[in-house]
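Below is one structure, written out as structure tokens; the observations come after it.
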Amino acid sequence: MTLKTIVLLVAAASVSAFAPVYTRGSRNVVCNAFAGGLVGGEGPERANFDPVGFAERSPESLLWFRESELKHGRIAMLAVLGMVVPEFIRVPGEQFSFEAVSHALDAHDKLPQSMIQIFGWISFLEACTWAALANMNNFDRKPGEYGFDPLNLWGKDEEKRKRMEIAELKNGRLAMIAIGGMVHGAIVTGKGFPFL
């Protein structure tokens, strides 16, 4: 059996994970019962996807799980931008030039002082949000909501707010998968965007 045949068989077997599951009855009832009524089960993808059973085994931690998912999704969306934008635009400075750092992924090794500064700012932001995370179950706060919306993107309309929550959650999920593919594509090909 050749390597191509094995890869094709594995790919064909894994396709069923992305096939939609149709259930009888109201889809909203099923989604609202899952994960404490948090948004995210809507759409054509597999609803109520929880292969490890976190929702059943640890229902008291559901808000923390969603907070973590939103935080990682937001970071992944920024990381995707951080992989694409530096291929076209650079900040001023010789150490950041295209000659000094040919691809965004090379910046990790070629700019150690910048990496230390990024780590410091991330640590500071984590420290600022720790109190809100530690007391999440004691306050009337949705996961991922810090009351910071200077552009009023969420608005006052509850329907618009729910659409924005679903969009943020699903775009974050996609970005978490995308950044993994982008990093591995950059490593394997040794090229910049589009990593082909």
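By order of appearance in the structure tokens: chains A, B, ..., then residues from 1 within every chain, and ligands from 1 in the order shown.
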With a distance cut-off of 12 Å and only C-alpha atoms, select the neighbouring residues of Lys191 in chain A, excluding the residue or stretch itself and same-chain residues fewer than 6 positions from it, and output the selection as a PDB file with N, CA and C atoms, in the first residue's frame.
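Saved as out.pdb:
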```pdb
ATOM      1  N   MET A  83       0.371  36.861  11.079  1.00  0.00           N
ATOM      2  CA  MET A  83       1.089  36.052  10.096  1.00  0.00           C
ATOM      3  C   MET A  83       0.971  36.639   8.691  1.00  0.00           C
ATOM      4  N   VAL A  84      -0.132  37.325   8.397  1.00  0.00           N
ATOM      5  CA  VAL A  84      -0.383  37.820   7.040  1.00  0.00           C
ATOM      6  C   VAL A  84       0.119  39.253   6.857  1.00  0.00           C
ATOM      7  N   GLU A  87       3.787  40.285   6.060  1.00  0.00           N
ATOM      8  CA  GLU A  87       4.303  39.899   4.748  1.00  0.00           C
ATOM      9  C   GLU A  87       4.182  41.051   3.751  1.00  0.00           C
ATOM     10  N   SER A 102      12.849  37.890   6.911  1.00  0.00           N
ATOM     11  CA  SER A 102      12.227  37.622   5.614  1.00  0.00           C
ATOM     12  C   SER A 102      10.764  37.204   5.731  1.00  0.00           C
ATOM     13  N   HIS A 103      10.411  36.446   6.762  1.00  0.00           N
ATOM     14  CA  HIS A 103       9.032  35.986   6.948  1.00  0.00           C
ATOM     15  C   HIS A 103       8.615  36.225   8.400  1.00  0.00           C
ATOM     16  N   ALA A 104       7.312  36.316   8.621  1.00  0.00           N
ATOM     17  CA  ALA A 104       6.786  36.595   9.972  1.00  0.00           C
ATOM     18  C   ALA A 104       7.216  35.535  10.970  1.00  0.00           C
ATOM     19  N   LEU A 105       7.286  34.289  10.544  1.00  0.00           N
ATOM     20  CA  LEU A 105       7.644  33.206  11.466  1.00  0.00           C
ATOM     21  C   LEU A 105       9.105  33.315  11.923  1.00  0.00           C
ATOM     22  N   ASP A 106       9.960  33.915  11.099  1.00  0.00           N
ATOM     23  CA  ASP A 106      11.369  34.083  11.461  1.00  0.00           C
ATOM     24  C   ASP A 106      11.569  35.106  12.576  1.00  0.00           C
ATOM     25  N   MET A 182      -1.381  27.643   9.176  1.00  0.00           N
ATOM     26  CA  MET A 182      -0.466  28.659   8.645  1.00  0.00           C
ATOM     27  C   MET A 182       0.952  28.464   9.173  1.00  0.00           C
ATOM     28  N   VAL A 183       1.077  28.195  10.461  1.00  0.00           N
ATOM     29  CA  VAL A 183       2.403  27.997  11.046  1.00  0.00           C
ATOM     30  C   VAL A 183       3.059  26.755  10.445  1.00  0.00           C
ATOM     31  N   HIS A 184       2.303  25.669  10.357  1.00  0.00           N
ATOM     32  CA  HIS A 184       2.883  24.450   9.791  1.00  0.00           C
ATOM     33  C   HIS A 184       3.181  24.609   8.306  1.00  0.00           C
ATOM     34  N   GLY A 185       2.332  25.340   7.586  1.00  0.00           N
ATOM     35  CA  GLY A 185       2.615  25.608   6.178  1.00  0.00           C
ATOM     36  C   GLY A 185       3.879  26.424   5.996  1.00  0.00           C
TER      37      GLY A 185
END
```
Legend entry - Distance criterion (only C-alpha atoms): nearest to Ala107 in chain A out of A:Arg90, A:Glu126, A:Glu56, A:Asn48: A:Arg90
Inset, instruction - Within 12 Å of range 92-95 of chain A, counting only C-alpha atoms, which residues show up once you throw out same-chain ones fewer than 2 positions away? Write them as number ranges by chain, please. - result: A: 86, 89-90, 97-102, 106-107, 110-114
I'd like the neighbourhood of Gly144 in chain A as a PDB file with all heavy atoms, in the first residue's frame, where a residue qualifies if any of its atoms comes within 12 Å (using only C-alpha atoms), though same-chain residues fewer than 6 positions away should be ignored.
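New file out_35.pdb:
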```
ATOM      1  N   LEU A  38     -25.555  28.379  26.319  1.00  0.00           N
ATOM      2  CA  LEU A  38     -24.607  29.274  25.674  1.00  0.00           C
ATOM      3  C   LEU A  38     -24.726  29.151  24.158  1.00  0.00           C
ATOM      4  O   LEU A  38     -25.034  28.085  23.639  1.00  0.00           O
ATOM      5  CB  LEU A  38     -23.173  28.936  26.099  1.00  0.00           C
ATOM      6  CG  LEU A  38     -22.851  29.136  27.570  1.00  0.00           C
ATOM      7  CD1 LEU A  38     -21.473  28.586  27.892  1.00  0.00           C
ATOM      8  CD2 LEU A  38     -22.915  30.609  27.938  1.00  0.00           C
ATOM      9  N   LEU A  63     -18.823  28.032  32.154  1.00  0.00           N
ATOM     10  CA  LEU A  63     -18.527  29.440  31.873  1.00  0.00           C
ATOM     11  C   LEU A  63     -17.024  29.670  31.695  1.00  0.00           C
ATOM     12  O   LEU A  63     -16.600  30.436  30.841  1.00  0.00           O
ATOM     13  CB  LEU A  63     -19.080  30.330  32.985  1.00  0.00           C
ATOM     14  CG  LEU A  63     -20.599  30.335  33.135  1.00  0.00           C
ATOM     15  CD1 LEU A  63     -21.018  31.206  34.306  1.00  0.00           C
ATOM     16  CD2 LEU A  63     -21.264  30.794  31.851  1.00  0.00           C
ATOM     17  N   TRP A  64     -16.230  28.985  32.508  1.00  0.00           N
ATOM     18  CA  TRP A  64     -14.786  29.110  32.385  1.00  0.00           C
ATOM     19  C   TRP A  64     -14.310  28.527  31.052  1.00  0.00           C
ATOM     20  O   TRP A  64     -13.436  29.096  30.390  1.00  0.00           O
ATOM     21  CB  TRP A  64     -14.085  28.415  33.548  1.00  0.00           C
ATOM     22  CG  TRP A  64     -12.614  28.645  33.552  1.00  0.00           C
ATOM     23  CD1 TRP A  64     -11.950  29.726  34.046  1.00  0.00           C
ATOM     24  CD2 TRP A  64     -11.620  27.786  32.991  1.00  0.00           C
ATOM     25  NE1 TRP A  64     -10.607  29.586  33.839  1.00  0.00           N
ATOM     26  CE2 TRP A  64     -10.371  28.396  33.197  1.00  0.00           C
ATOM     27  CE3 TRP A  64     -11.667  26.563  32.350  1.00  0.00           C
ATOM     28  CZ2 TRP A  64      -9.186  27.823  32.776  1.00  0.00           C
ATOM     29  CZ3 TRP A  64     -10.478  25.993  31.929  1.00  0.00           C
ATOM     30  CH2 TRP A  64      -9.260  26.624  32.152  1.00  0.00           C
ATOM     31  N   PHE A  65     -14.890  27.384  30.633  1.00  0.00           N
ATOM     32  CA  PHE A  65     -14.538  26.788  29.351  1.00  0.00           C
ATOM     33  C   PHE A  65     -14.856  27.749  28.205  1.00  0.00           C
ATOM     34  O   PHE A  65     -14.061  27.924  27.282  1.00  0.00           O
ATOM     35  CB  PHE A  65     -15.270  25.468  29.124  1.00  0.00           C
ATOM     36  CG  PHE A  65     -14.851  24.351  30.039  1.00  0.00           C
ATOM     37  CD1 PHE A  65     -15.754  23.385  30.415  1.00  0.00           C
ATOM     38  CD2 PHE A  65     -13.561  24.263  30.527  1.00  0.00           C
ATOM     39  CE1 PHE A  65     -15.383  22.347  31.246  1.00  0.00           C
ATOM     40  CE2 PHE A  65     -13.170  23.230  31.366  1.00  0.00           C
ATOM     41  CZ  PHE A  65     -14.088  22.268  31.727  1.00  0.00           C
ATOM     42  N   ARG A  66     -16.035  28.382  28.252  1.00  0.00           N
ATOM     43  CA  ARG A  66     -16.411  29.312  27.187  1.00  0.00           C
ATOM     44  C   ARG A  66     -15.503  30.541  27.200  1.00  0.00           C
ATOM     45  O   ARG A  66     -15.110  31.046  26.162  1.00  0.00           O
ATOM     46  CB  ARG A  66     -17.881  29.711  27.330  1.00  0.00           C
ATOM     47  CG  ARG A  66     -18.367  30.738  26.325  1.00  0.00           C
ATOM     48  CD  ARG A  66     -18.085  30.354  24.868  1.00  0.00           C
ATOM     49  NE  ARG A  66     -18.616  29.088  24.468  1.00  0.00           N
ATOM     50  CZ  ARG A  66     -19.814  28.886  23.938  1.00  0.00           C
ATOM     51  NH1 ARG A  66     -20.626  29.905  23.744  1.00  0.00           N
ATOM     52  NH2 ARG A  66     -20.213  27.678  23.603  1.00  0.00           N
ATOM     53  N   GLU A  67     -15.187  31.029  28.395  1.00  0.00           N
ATOM     54  CA  GLU A  67     -14.265  32.169  28.509  1.00  0.00           C
ATOM     55  C   GLU A  67     -12.923  31.819  27.869  1.00  0.00           C
ATOM     56  O   GLU A  67     -12.349  32.606  27.120  1.00  0.00           O
ATOM     57  CB  GLU A  67     -14.068  32.530  29.985  1.00  0.00           C
ATOM     58  CG  GLU A  67     -13.127  33.676  30.214  1.00  0.00           C
ATOM     59  CD  GLU A  67     -13.807  35.016  30.154  1.00  0.00           C
ATOM     60  OE1 GLU A  67     -15.031  35.096  30.370  1.00  0.00           O
ATOM     61  OE2 GLU A  67     -13.107  36.006  29.892  1.00  0.00           O
ATOM     62  N   SER A  68     -12.447  30.624  28.142  1.00  0.00           N
ATOM     63  CA  SER A  68     -11.180  30.175  27.580  1.00  0.00           C
ATOM     64  C   SER A  68     -11.270  30.041  26.067  1.00  0.00           C
ATOM     65  O   SER A  68     -10.348  30.435  25.341  1.00  0.00           O
ATOM     66  CB  SER A  68     -10.798  28.832  28.206  1.00  0.00           C
ATOM     67  OG  SER A  68      -9.607  28.345  27.664  1.00  0.00           O
ATOM     68  N   GLU A  69     -12.375  29.501  25.571  1.00  0.00           N
ATOM     69  CA  GLU A  69     -12.550  29.356  24.128  1.00  0.00           C
ATOM     70  C   GLU A  69     -12.568  30.718  23.436  1.00  0.00           C
ATOM     71  O   GLU A  69     -11.940  30.908  22.387  1.00  0.00           O
ATOM     72  CB  GLU A  69     -13.840  28.598  23.833  1.00  0.00           C
ATOM     73  CG  GLU A  69     -14.094  28.353  22.371  1.00  0.00           C
ATOM     74  CD  GLU A  69     -15.358  27.577  22.103  1.00  0.00           C
ATOM     75  OE1 GLU A  69     -16.272  27.566  22.961  1.00  0.00           O
ATOM     76  OE2 GLU A  69     -15.448  26.999  21.014  1.00  0.00           O
ATOM     77  N   LEU A  70     -13.270  31.681  24.024  1.00  0.00           N
ATOM     78  CA  LEU A  70     -13.316  33.023  23.449  1.00  0.00           C
ATOM     79  C   LEU A  70     -11.941  33.693  23.479  1.00  0.00           C
ATOM     80  O   LEU A  70     -11.529  34.338  22.511  1.00  0.00           O
ATOM     81  CB  LEU A  70     -14.336  33.885  24.188  1.00  0.00           C
ATOM     82  CG  LEU A  70     -15.795  33.583  23.893  1.00  0.00           C
ATOM     83  CD1 LEU A  70     -16.699  34.319  24.851  1.00  0.00           C
ATOM     84  CD2 LEU A  70     -16.129  33.933  22.461  1.00  0.00           C
ATOM     85  N   LYS A  71     -11.238  33.545  24.593  1.00  0.00           N
ATOM     86  CA  LYS A  71      -9.916  34.169  24.708  1.00  0.00           C
ATOM     87  C   LYS A  71      -8.952  33.575  23.687  1.00  0.00           C
ATOM     88  O   LYS A  71      -8.247  34.304  22.990  1.00  0.00           O
ATOM     89  CB  LYS A  71      -9.357  33.982  26.110  1.00  0.00           C
ATOM     90  CG  LYS A  71      -8.011  34.664  26.308  1.00  0.00           C
ATOM     91  CD  LYS A  71      -7.406  34.353  27.648  1.00  0.00           C
ATOM     92  CE  LYS A  71      -8.155  35.039  28.751  1.00  0.00           C
ATOM     93  NZ  LYS A  71      -7.485  34.885  30.054  1.00  0.00           N
ATOM     94  N   HIS A  72      -8.939  32.250  23.564  1.00  0.00           N
ATOM     95  CA  HIS A  72      -8.045  31.622  22.598  1.00  0.00           C
ATOM     96  C   HIS A  72      -8.452  31.958  21.165  1.00  0.00           C
ATOM     97  O   HIS A  72      -7.602  32.115  20.286  1.00  0.00           O
ATOM     98  CB  HIS A  72      -8.008  30.114  22.821  1.00  0.00           C
ATOM     99  CG  HIS A  72      -7.216  29.716  24.014  1.00  0.00           C
ATOM    100  ND1 HIS A  72      -7.781  29.619  25.267  1.00  0.00           N
ATOM    101  CD2 HIS A  72      -5.907  29.422  24.165  1.00  0.00           C
ATOM    102  CE1 HIS A  72      -6.845  29.261  26.128  1.00  0.00           C
ATOM    103  NE2 HIS A  72      -5.703  29.146  25.491  1.00  0.00           N
ATOM    104  N   GLY A  73      -9.755  32.081  20.921  1.00  0.00           N
ATOM    105  CA  GLY A  73     -10.224  32.474  19.596  1.00  0.00           C
ATOM    106  C   GLY A  73      -9.794  33.886  19.241  1.00  0.00           C
ATOM    107  O   GLY A  73      -9.365  34.160  18.117  1.00  0.00           O
ATOM    108  N   ARG A  74      -9.898  34.808  20.198  1.00  0.00           N
ATOM    109  CA  ARG A  74      -9.469  36.191  19.952  1.00  0.00           C
ATOM    110  C   ARG A  74      -7.971  36.255  19.689  1.00  0.00           C
ATOM    111  O   ARG A  74      -7.505  36.969  18.795  1.00  0.00           O
ATOM    112  CB  ARG A  74      -9.836  37.070  21.147  1.00  0.00           C
ATOM    113  CG  ARG A  74     -11.325  37.299  21.277  1.00  0.00           C
ATOM    114  CD  ARG A  74     -11.681  37.938  22.596  1.00  0.00           C
ATOM    115  NE  ARG A  74     -13.124  38.137  22.712  1.00  0.00           N
ATOM    116  CZ  ARG A  74     -13.741  38.453  23.833  1.00  0.00           C
ATOM    117  NH1 ARG A  74     -13.054  38.625  24.950  1.00  0.00           N
ATOM    118  NH2 ARG A  74     -15.043  38.601  23.849  1.00  0.00           N
ATOM    119  N   THR A 129      -7.041  40.567  33.885  1.00  0.00           N
ATOM    120  CA  THR A 129      -8.313  39.840  33.750  1.00  0.00           C
ATOM    121  C   THR A 129      -8.471  38.704  34.756  1.00  0.00           C
ATOM    122  O   THR A 129      -9.523  38.094  34.811  1.00  0.00           O
ATOM    123  CB  THR A 129      -8.458  39.259  32.330  1.00  0.00           C
ATOM    124  OG1 THR A 129      -7.397  38.329  32.092  1.00  0.00           O
ATOM    125  CG2 THR A 129      -8.434  40.362  31.290  1.00  0.00           C
ATOM    126  N   ALA A 132     -11.518  38.933  37.237  1.00  0.00           N
ATOM    127  CA  ALA A 132     -12.812  38.676  36.600  1.00  0.00           C
ATOM    128  C   ALA A 132     -13.003  37.194  36.332  1.00  0.00           C
ATOM    129  O   ALA A 132     -14.105  36.666  36.483  1.00  0.00           O
ATOM    130  CB  ALA A 132     -12.918  39.465  35.294  1.00  0.00           C
ATOM    131  N   LEU A 133     -11.938  36.498  35.960  1.00  0.00           N
ATOM    132  CA  LEU A 133     -12.045  35.059  35.713  1.00  0.00           C
ATOM    133  C   LEU A 133     -12.259  34.282  37.003  1.00  0.00           C
ATOM    134  O   LEU A 133     -13.033  33.332  37.042  1.00  0.00           O
ATOM    135  CB  LEU A 133     -10.784  34.552  35.019  1.00  0.00           C
ATOM    136  CG  LEU A 133     -10.589  34.973  33.581  1.00  0.00           C
ATOM    137  CD1 LEU A 133      -9.235  34.501  33.080  1.00  0.00           C
ATOM    138  CD2 LEU A 133     -11.693  34.435  32.710  1.00  0.00           C
ATOM    139  N   MET A 136     -16.024  34.635  38.128  1.00  0.00           N
ATOM    140  CA  MET A 136     -17.008  34.640  37.060  1.00  0.00           C
ATOM    141  C   MET A 136     -18.367  34.108  37.504  1.00  0.00           C
ATOM    142  O   MET A 136     -19.396  34.649  37.138  1.00  0.00           O
ATOM    143  CB  MET A 136     -16.530  33.836  35.865  1.00  0.00           C
ATOM    144  CG  MET A 136     -17.465  34.002  34.685  1.00  0.00           C
ATOM    145  SD  MET A 136     -16.997  33.121  33.213  1.00  0.00           S
ATOM    146  CE  MET A 136     -15.271  33.069  33.258  1.00  0.00           C
ATOM    147  N   GLU A 165     -22.163  37.468  18.951  1.00  0.00           N
ATOM    148  CA  GLU A 165     -21.555  36.441  19.804  1.00  0.00           C
ATOM    149  C   GLU A 165     -21.268  35.175  19.003  1.00  0.00           C
ATOM    150  O   GLU A 165     -20.190  34.586  19.133  1.00  0.00           O
ATOM    151  CB  GLU A 165     -22.475  36.111  20.980  1.00  0.00           C
ATOM    152  CG  GLU A 165     -22.531  37.165  22.042  1.00  0.00           C
ATOM    153  CD  GLU A 165     -23.521  36.834  23.145  1.00  0.00           C
ATOM    154  OE1 GLU A 165     -24.144  35.752  23.100  1.00  0.00           O
ATOM    155  OE2 GLU A 165     -23.674  37.656  24.059  1.00  0.00           O
ATOM    156  N   GLU A 168     -18.369  35.886  16.541  1.00  0.00           N
ATOM    157  CA  GLU A 168     -17.071  35.916  17.211  1.00  0.00           C
ATOM    158  C   GLU A 168     -16.616  34.507  17.584  1.00  0.00           C
ATOM    159  O   GLU A 168     -15.457  34.136  17.384  1.00  0.00           O
ATOM    160  CB  GLU A 168     -17.134  36.789  18.461  1.00  0.00           C
ATOM    161  CG  GLU A 168     -15.809  36.844  19.185  1.00  0.00           C
ATOM    162  CD  GLU A 168     -15.868  37.575  20.500  1.00  0.00           C
ATOM    163  OE1 GLU A 168     -16.940  37.617  21.134  1.00  0.00           O
ATOM    164  OE2 GLU A 168     -14.825  38.099  20.906  1.00  0.00           O
ATOM    165  N   LEU A 169     -17.533  33.718  18.109  1.00  0.00           N
ATOM    166  CA  LEU A 169     -17.199  32.359  18.536  1.00  0.00           C
ATOM    167  C   LEU A 169     -16.760  31.508  17.347  1.00  0.00           C
ATOM    168  O   LEU A 169     -15.724  30.844  17.394  1.00  0.00           O
ATOM    169  CB  LEU A 169     -18.412  31.731  19.234  1.00  0.00           C
ATOM    170  CG  LEU A 169     -18.215  30.336  19.799  1.00  0.00           C
ATOM    171  CD1 LEU A 169     -17.235  30.378  20.951  1.00  0.00           C
ATOM    172  CD2 LEU A 169     -19.543  29.785  20.264  1.00  0.00           C
TER     173      LEU A 169
END
```
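Rounded to one decimal, CA of Val80 in chain A and CA of Ala175 in chain A lie 6.7 Å from each other.
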